[in-house]
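Asker: Provided herewith is a single structure, encoded as structure tokens, for subsequent inquiry.
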Amino acid sequence: MIYLNGRIVPNNRALISVYDHGFLYGDGIYETLRAYGGKVFMLDEHLERLFSSASMIGLMISKKARDIKKAVYMTMAANRLKEAVIRITVSRGAGPIGLDPGLCKRPTFVVFANPFRMYPRSSYEKGVKIIISRTRRNYRKALDPRIKSLNFLNNILAMTEALDQGALEAVMPNYRGCLSEGTVSNIFFVKKGILHTPSPDTGILNGITRRIILDLAWGMKIPIHEGCYRPRDLSAAEEAFISNTTMEVMPVTAVGGRVIGKKAGPVTRRLHGAYRDKVAEYIREANR
């Protein structure tokens with residue numbers, strides 16, 4: 001069951017126009033969220049970013065935050081889900097061919113919720129392989145990374161490289177050759193006890209999960225450094241992990257052909273445990 005423009009409809013009736021500018025031009029925004037035990041984690045923060053993305057592309061969302069929250073929980077209830085991955089998508093809407101946003105009179109608003117399928121337990125114990133892609137991250141002054149947009153071709157090209165090499169994820173360098181982020185994740189690595197991660201200045205989306213991890217590390221007195229890193233810095237790491245809303249904290253034990261460990265490192269394990277504790281605390285508070 002899909003929430004489409006104010007109504008819950010069956011999947012086969014959730015239809016949008018071929019003239020929708022989200023389809024034609026990637027003109028729109030989205031958020032991906034995760035629900036634990038029937039509660040959506042960090043929902044307010046995700047909606048704040050949704051409205052921020054909309055503002056940055058001049059897209060008016062007619063719904064209030066409370067109405068979007070209601071739509072999210074309606075969609076979960078319609079699908080009888082407690083553990084779910086939710087996506088909110090807002091496109092410019094249908095209109096004549098042309099790049100003028102004014103051609104579209106009403107945005108298209110969609111929410112869908114799918115069952116959350118756990119990543120293999122072995123991935124969290126033994127880690128996963130990632131690569132450093134040849135595809136460069138979009139220049140941040142050409143397409144601001146703070147906009148979580150439907151324009152994903154850059155990421156798809158990098159992900160294709162990862163799949164071709166049997167990897168889960170690809171980390172993209174920026175135009176200067178500094179590591180930026182993965183196609184769907186942020187990257188962290190540990191060297192000499194210091195937690196390193198690319199700075200927002202490298203052109204990354206400063207993810208919600210990323211910010212939580214940095215806050216947790218600060219609270220655990222793990223030294224943190226954000227900066228411009230080269231591929232060799234990641235390849236020489238003692239441990240590494242990637243993060244996003246669904247995978248949380250995923251250990252990395254191989255970067256291309258370079259093995260950086262046989263299992264999740266100690267800092268990675270500590271941070272993943274702290275992140276799970278943060279989720280549990282959030283859900284307890286939400287249920288009060």
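Convention: chains lettered A, B, ... in structure tokens order; per-chain residue numbering from 1; ligands numbered from 1 as shown.
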Could you list, as a PyMOL selection string, every residue within 12 Å of Cys178 (chain A), counting only C-alpha atoms and ignoring same-chain residues fewer than 4 positions away?
Answerer: chain A and resi 132-133+136-137+139+171-174+197-204+226-234
Asker: Please write the residues from the selection above to a file, keeping N, CA and C atoms, as a short mmCIF file (atom, residue, chain, number, x, y, z; two decimals), in the first residue's frame.
Answerer:
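Saved result, again-v8.cif, follows:
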data_model
loop_
_atom_site.label_atom_id
_atom_site.label_comp_id
_atom_site.auth_asym_id
_atom_site.auth_seq_id
_atom_site.Cartn_x
_atom_site.Cartn_y
_atom_site.Cartn_z
N ILE A 132 37.18 2.37 -4.13
CA ILE A 132 37.26 3.80 -4.42
C ILE A 132 37.01 3.95 -5.91
N SER A 133 35.94 4.64 -6.26
CA SER A 133 35.49 4.66 -7.66
C SER A 133 36.30 5.61 -8.52
N ARG A 136 33.79 10.58 -10.09
CA ARG A 136 33.98 11.66 -9.11
C ARG A 136 32.64 12.13 -8.57
N ARG A 137 32.67 12.60 -7.35
CA ARG A 137 31.47 13.18 -6.73
C ARG A 137 31.15 14.49 -7.44
N TYR A 139 30.54 18.17 -8.22
CA TYR A 139 31.12 19.39 -7.64
C TYR A 139 30.06 20.09 -6.81
N VAL A 171 33.27 4.48 -2.68
CA VAL A 171 33.55 5.81 -2.15
C VAL A 171 34.06 6.67 -3.30
N MET A 172 33.45 7.84 -3.47
CA MET A 172 33.78 8.71 -4.59
C MET A 172 34.75 9.82 -4.18
N PRO A 173 35.84 9.99 -4.91
CA PRO A 173 36.68 11.17 -4.70
C PRO A 173 35.96 12.41 -5.23
N ASN A 174 36.31 13.56 -4.71
CA ASN A 174 35.75 14.79 -5.27
C ASN A 174 36.65 15.31 -6.40
N THR A 197 37.07 11.18 9.20
CA THR A 197 35.97 11.16 8.24
C THR A 197 36.08 12.41 7.36
N PRO A 198 35.72 12.30 6.08
CA PRO A 198 35.79 13.48 5.21
C PRO A 198 34.97 14.64 5.74
N SER A 199 35.51 15.82 5.60
CA SER A 199 34.83 17.04 6.03
C SER A 199 33.66 17.35 5.11
N PRO A 200 32.62 18.03 5.62
CA PRO A 200 31.54 18.50 4.73
C PRO A 200 32.06 19.33 3.57
N ASP A 201 33.21 19.97 3.72
CA ASP A 201 33.78 20.78 2.65
C ASP A 201 34.17 19.96 1.43
N THR A 202 34.28 18.64 1.58
CA THR A 202 34.65 17.79 0.45
C THR A 202 33.46 17.55 -0.49
N GLY A 203 32.27 17.98 -0.09
CA GLY A 203 31.10 17.83 -0.94
C GLY A 203 30.20 16.69 -0.56
N ILE A 204 30.13 16.39 0.74
CA ILE A 204 29.30 15.28 1.20
C ILE A 204 27.94 15.79 1.70
N GLU A 226 38.14 15.64 11.01
CA GLU A 226 37.45 15.76 9.73
C GLU A 226 38.38 16.52 8.78
N GLY A 227 38.55 16.00 7.58
CA GLY A 227 39.47 16.66 6.68
C GLY A 227 39.40 16.16 5.25
N CYS A 228 40.43 16.47 4.49
CA CYS A 228 40.58 16.02 3.11
C CYS A 228 41.53 14.84 3.10
N TYR A 229 41.03 13.66 2.73
CA TYR A 229 41.83 12.45 2.74
C TYR A 229 41.97 11.89 1.32
N ARG A 230 43.11 11.32 1.06
CA ARG A 230 43.37 10.69 -0.22
C ARG A 230 43.08 9.19 -0.13
N PRO A 231 42.89 8.54 -1.27
CA PRO A 231 42.65 7.10 -1.24
C PRO A 231 43.68 6.32 -0.43
N ARG A 232 44.94 6.76 -0.47
CA ARG A 232 45.97 6.03 0.27
C ARG A 232 45.74 6.09 1.78
N ASP A 233 45.10 7.16 2.25
CA ASP A 233 44.82 7.27 3.69
C ASP A 233 43.83 6.19 4.13
N LEU A 234 42.80 5.98 3.32
CA LEU A 234 41.81 4.95 3.64
C LEU A 234 42.44 3.56 3.53
#
Asker: Would you kindly return, as number ranges by chain, each protein, DNA or RNA residue with an atom no farther than 12 Å from any atom of Gly95 (chain A), considering only C-alpha atoms and excluding same-chain residues fewer than 5 positions away?
Answerer: A: 16-25, 27, 100-108
Asker: Hey, could you make a per-residue contact list for region 54-160 of chain A against region 260-263 of chain A with 10 Å as the cut-off, showing the nearest pair of atoms and its distance in Å to one decimal, counting only C-alpha atoms, sorted by chain and number, as a Markdown table?
Answerer:
| residue | atom | partner | partner_atom | distance |
| --- | --- | --- | --- | --- |
| A:Ser122 | CA | A:Lys263 | CA | 9.3 |
| A:Ser123 | CA | A:Lys263 | CA | 9.0 |
| A:Tyr124 | CA | A:Lys263 | CA | 8.1 |
| A:Glu125 | CA | A:Lys263 | CA | 5.7 |
| A:Lys126 | CA | A:Lys263 | CA | 4.1 |
| A:Gly127 | CA | A:Lys263 | CA | 5.7 |
| A:Val128 | CA | A:Lys263 | CA | 9.1 |
| A:Lys129 | CA | A:Ile260 | CA | 9.9 |
Asker: Would you put the residues from that selection into a file with N, CA and C atoms, as an mmCIF file, in the first residue's frame?
Answerer:
data_model
loop_
_atom_site.group_PDB
_atom_site.id
_atom_site.type_symbol
_atom_site.label_atom_id
_atom_site.label_comp_id
_atom_site.auth_asym_id
_atom_site.auth_seq_id
_atom_site.Cartn_x
_atom_site.Cartn_y
_atom_site.Cartn_z
ATOM 1 N N SER A 122 26.952 -11.819 9.242
ATOM 2 C CA SER A 122 28.376 -11.963 8.920
ATOM 3 C C SER A 122 28.990 -10.644 8.448
ATOM 4 N N SER A 123 28.170 -9.777 7.831
ATOM 5 C CA SER A 123 28.686 -8.491 7.370
ATOM 6 C C SER A 123 29.148 -7.631 8.532
ATOM 7 N N TYR A 124 28.419 -7.707 9.659
ATOM 8 C CA TYR A 124 28.778 -6.917 10.831
ATOM 9 C C TYR A 124 29.946 -7.541 11.604
ATOM 10 N N GLU A 125 30.138 -8.843 11.436
ATOM 11 C CA GLU A 125 31.228 -9.521 12.136
ATOM 12 C C GLU A 125 32.519 -9.509 11.310
ATOM 13 N N LYS A 126 32.396 -9.850 10.026
ATOM 14 C CA LYS A 126 33.576 -9.990 9.170
ATOM 15 C C LYS A 126 33.822 -8.772 8.285
ATOM 16 N N GLY A 127 32.849 -7.870 8.219
ATOM 17 C CA GLY A 127 33.011 -6.674 7.413
ATOM 18 C C GLY A 127 32.703 -6.892 5.950
ATOM 19 N N VAL A 128 32.724 -5.810 5.199
ATOM 20 C CA VAL A 128 32.378 -5.850 3.781
ATOM 21 C C VAL A 128 33.490 -5.203 2.961
ATOM 22 N N LYS A 129 33.416 -5.440 1.656
ATOM 23 C CA LYS A 129 34.379 -4.839 0.732
ATOM 24 C C LYS A 129 33.779 -3.590 0.113
#
Asker: In Å, rounded to a single decimal, give me how far CA of Val111 (chain A) is from CA of Ile97 (chain A).
Answerer: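 Interatomic distance, CA of Ile97 (chain A) to CA of Val111 (chain A): 25.3 Å.
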Asker: Using only C-alpha atoms, what does the table of region 56-125 of chain A residues within 12 Å of region 146-149 of chain A look like, with each row giving the shortest atom pair and its distance in Å to one decimal, sorted by chain and ascending number, as a tab-separated table?
Answerer:
residue	atom	partner	partner_atom	distance
A:Met56	CA	A:Ile147	CA	6.9
A:Ile57	CA	A:Ile147	CA	7.9
A:Gly58	CA	A:Ile147	CA	11.2
A:Leu59	CA	A:Ser149	CA	11.4
A:Ile88	CA	A:Lys148	CA	11.2
A:Thr89	CA	A:Ser149	CA	9.3
A:Val90	CA	A:Ser149	CA	9.4
A:Ser91	CA	A:Ser149	CA	9.3
A:Arg92	CA	A:Ser149	CA	11.2
Asker: Looking only at strand (DSSP E or B) from DSSP on the backbone, list the matching residues of region 103-160 of chain A as a list of chain:residue names.
Answerer: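 These are the residues in question: A:Thr108, A:Phe109, A:Val110, A:Val111, A:Phe112, A:Ala113, A:Asn114, A:Pro115, A:Val128, A:Lys129, A:Ile130, A:Ile131, A:Ile132, A:Ser149.
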Asker: Could you state the separation of CA of Ala264 (chain A) and CA of Tyr282 (chain A) in Å, given to one decimal place?
Answerer: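 Answer for the CA of Ala264 (chain A) to CA of Tyr282 (chain A) separation: 25.2 Å.
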Asker: Considering only C-alpha atoms, return as an MDAnalysis selection string whatever protein or nucleic-acid residues lie within 10 Å of Pro10 (chain A), sequence-local ones (same chain, fewer than 5 positions apart) excluded.
Answerer: chainID A and resid 1:4 15 78
Asker: As an MDAnalysis selection string, which residues of region 113-276 of chain A does DSSP assign to alpha helix (DSSP H)?
Answerer: chainID A and resid 121:126 153:164 208:219 231:235 266:276
Asker: Could you write out the selected residues, including N, CA and C atoms, as a tab-separated table (two decimals), in the first residue's frame?
Answerer:
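Okay, out.tsv is ready:
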chain	number	residue	atom	x	y	z
A	121	ARG	N	24.31	-11.10	9.23
A	121	ARG	CA	25.07	-10.93	10.47
A	121	ARG	C	26.58	-10.99	10.20
A	122	SER	N	26.95	-11.82	9.24
A	122	SER	CA	28.38	-11.96	8.92
A	122	SER	C	28.99	-10.64	8.45
A	123	SER	N	28.17	-9.78	7.83
A	123	SER	CA	28.69	-8.49	7.37
A	123	SER	C	29.15	-7.63	8.53
A	124	TYR	N	28.42	-7.71	9.66
A	124	TYR	CA	28.78	-6.92	10.83
A	124	TYR	C	29.95	-7.54	11.60
A	125	GLU	N	30.14	-8.84	11.44
A	125	GLU	CA	31.23	-9.52	12.14
A	125	GLU	C	32.52	-9.51	11.31
A	126	LYS	N	32.40	-9.85	10.03
A	126	LYS	CA	33.58	-9.99	9.17
A	126	LYS	C	33.82	-8.77	8.28
A	153	LEU	N	22.20	9.92	-10.85
A	153	LEU	CA	23.00	9.23	-11.85
A	153	LEU	C	24.47	9.15	-11.46
A	154	ASN	N	25.00	10.20	-10.83
A	154	ASN	CA	26.38	10.20	-10.35
A	154	ASN	C	26.64	9.00	-9.45
A	155	ASN	N	25.72	8.77	-8.51
A	155	ASN	CA	25.86	7.66	-7.56
A	155	ASN	C	25.70	6.31	-8.25
A	156	ILE	N	24.78	6.25	-9.20
A	156	ILE	CA	24.54	4.98	-9.92
A	156	ILE	C	25.79	4.55	-10.69
A	157	LEU	N	26.47	5.50	-11.33
A	157	LEU	CA	27.68	5.17	-12.06
A	157	LEU	C	28.76	4.61	-11.13
A	158	ALA	N	28.89	5.21	-9.95
A	158	ALA	CA	29.87	4.71	-8.98
A	158	ALA	C	29.45	3.35	-8.43
A	159	MET	N	28.16	3.17	-8.17
A	159	MET	CA	27.69	1.88	-7.66
A	159	MET	C	27.90	0.77	-8.69
A	160	THR	N	27.74	1.09	-9.96
A	160	THR	CA	28.00	0.10	-11.01
A	160	THR	C	29.44	-0.39	-10.95
A	161	GLU	N	30.36	0.53	-10.69
A	161	GLU	CA	31.77	0.14	-10.53
A	161	GLU	C	31.93	-0.83	-9.35
A	162	ALA	N	31.26	-0.52	-8.24
A	162	ALA	CA	31.35	-1.38	-7.05
A	162	ALA	C	30.82	-2.78	-7.35
A	163	LEU	N	29.68	-2.86	-7.97
A	163	LEU	CA	29.08	-4.16	-8.27
A	163	LEU	C	29.95	-4.97	-9.21
A	164	ASP	N	30.55	-4.29	-10.17
A	164	ASP	CA	31.44	-4.98	-11.12
A	164	ASP	C	32.65	-5.60	-10.43
A	208	ILE	N	22.43	12.32	8.77
A	208	ILE	CA	21.92	12.28	10.14
A	208	ILE	C	22.65	11.22	10.94
A	209	THR	N	22.83	10.04	10.35
A	209	THR	CA	23.56	8.97	11.03
A	209	THR	C	25.01	9.39	11.27
A	210	ARG	N	25.60	10.06	10.30
A	210	ARG	CA	26.98	10.55	10.45
A	210	ARG	C	27.10	11.46	11.67
A	211	ARG	N	26.15	12.37	11.81
A	211	ARG	CA	26.21	13.32	12.93
A	211	ARG	C	26.04	12.60	14.27
A	212	ILE	N	25.17	11.60	14.30
A	212	ILE	CA	24.98	10.83	15.53
A	212	ILE	C	26.29	10.13	15.91
A	213	ILE	N	26.94	9.52	14.93
A	213	ILE	CA	28.19	8.80	15.20
A	213	ILE	C	29.25	9.75	15.74
A	214	LEU	N	29.36	10.93	15.16
A	214	LEU	CA	30.36	11.89	15.65
A	214	LEU	C	30.03	12.34	17.07
A	215	ASP	N	28.75	12.54	17.36
A	215	ASP	CA	28.34	12.90	18.73
A	215	ASP	C	28.68	11.78	19.71
A	216	LEU	N	28.41	10.54	19.30
A	216	LEU	CA	28.72	9.40	20.17
A	216	LEU	C	30.22	9.29	20.41
A	217	ALA	N	31.00	9.46	19.34
A	217	ALA	CA	32.46	9.36	19.49
A	217	ALA	C	32.98	10.44	20.43
A	218	TRP	N	32.45	11.66	20.29
A	218	TRP	CA	32.85	12.74	21.18
A	218	TRP	C	32.53	12.39	22.63
A	219	GLY	N	31.32	11.84	22.86
A	219	GLY	CA	30.93	11.47	24.21
A	219	GLY	C	31.77	10.33	24.78
A	231	PRO	N	42.89	8.54	-1.27
A	231	PRO	CA	42.65	7.10	-1.24
A	231	PRO	C	43.68	6.32	-0.43
A	232	ARG	N	44.94	6.76	-0.47
A	232	ARG	CA	45.97	6.03	0.27
A	232	ARG	C	45.74	6.09	1.78
A	233	ASP	N	45.10	7.16	2.25
A	233	ASP	CA	44.82	7.27	3.69
A	233	ASP	C	43.83	6.19	4.13
A	234	LEU	N	42.80	5.98	3.32
A	234	LEU	CA	41.81	4.95	3.64
A	234	LEU	C	42.44	3.56	3.53
A	235	SER	N	43.23	3.34	2.50
A	235	SER	CA	43.84	2.02	2.30
A	235	SER	C	44.81	1.67	3.43
A	266	PRO	N	37.87	-2.68	16.94
A	266	PRO	CA	37.34	-2.34	18.26
A	266	PRO	C	36.58	-1.02	18.30
A	267	VAL	N	37.08	0.01	17.61
A	267	VAL	CA	36.38	1.29	17.62
A	267	VAL	C	35.04	1.16	16.88
A	268	THR	N	35.06	0.44	15.77
A	268	THR	CA	33.83	0.21	15.02
A	268	THR	C	32.79	-0.50	15.88
A	269	ARG	N	33.22	-1.54	16.59
A	269	ARG	CA	32.29	-2.29	17.44
A	269	ARG	C	31.73	-1.41	18.55
A	270	ARG	N	32.59	-0.61	19.16
A	270	ARG	CA	32.13	0.28	20.24
A	270	ARG	C	31.09	1.27	19.73
A	271	LEU	N	31.37	1.85	18.57
A	271	LEU	CA	30.45	2.84	18.04
A	271	LEU	C	29.14	2.21	17.58
A	272	HIS	N	29.21	1.01	17.03
A	272	HIS	CA	27.96	0.36	16.64
A	272	HIS	C	27.12	0.01	17.87
A	273	GLY	N	27.78	-0.45	18.92
A	273	GLY	CA	27.05	-0.73	20.16
A	273	GLY	C	26.42	0.52	20.73
A	274	ALA	N	27.17	1.63	20.71
A	274	ALA	CA	26.63	2.89	21.22
A	274	ALA	C	25.48	3.38	20.35
A	275	TYR	N	25.58	3.17	19.05
A	275	TYR	CA	24.50	3.59	18.15
A	275	TYR	C	23.23	2.78	18.45
A	276	ARG	N	23.38	1.49	18.64
A	276	ARG	CA	22.21	0.65	18.96
A	276	ARG	C	21.60	1.08	20.30
Asker: Between A:Thr245, A:Gln165, A:Asn114, A:Thr183, which residue has the minimum interatomic distance to Thr135 (chain A), considering only C-alpha atoms?
Answerer: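 The shortest atom-to-atom distance to Thr135 (chain A) comes from A:Thr183.
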Asker: Using only C-alpha atoms, pick whichever of A:Val72, A:Ile61, A:Met220, A:Ala280 has the shortest atom-to-atom distance to Leu43 (chain A).
Answerer: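 Looking only at the distances to Leu43 (chain A), the closest residue turns out to be A:Val72.
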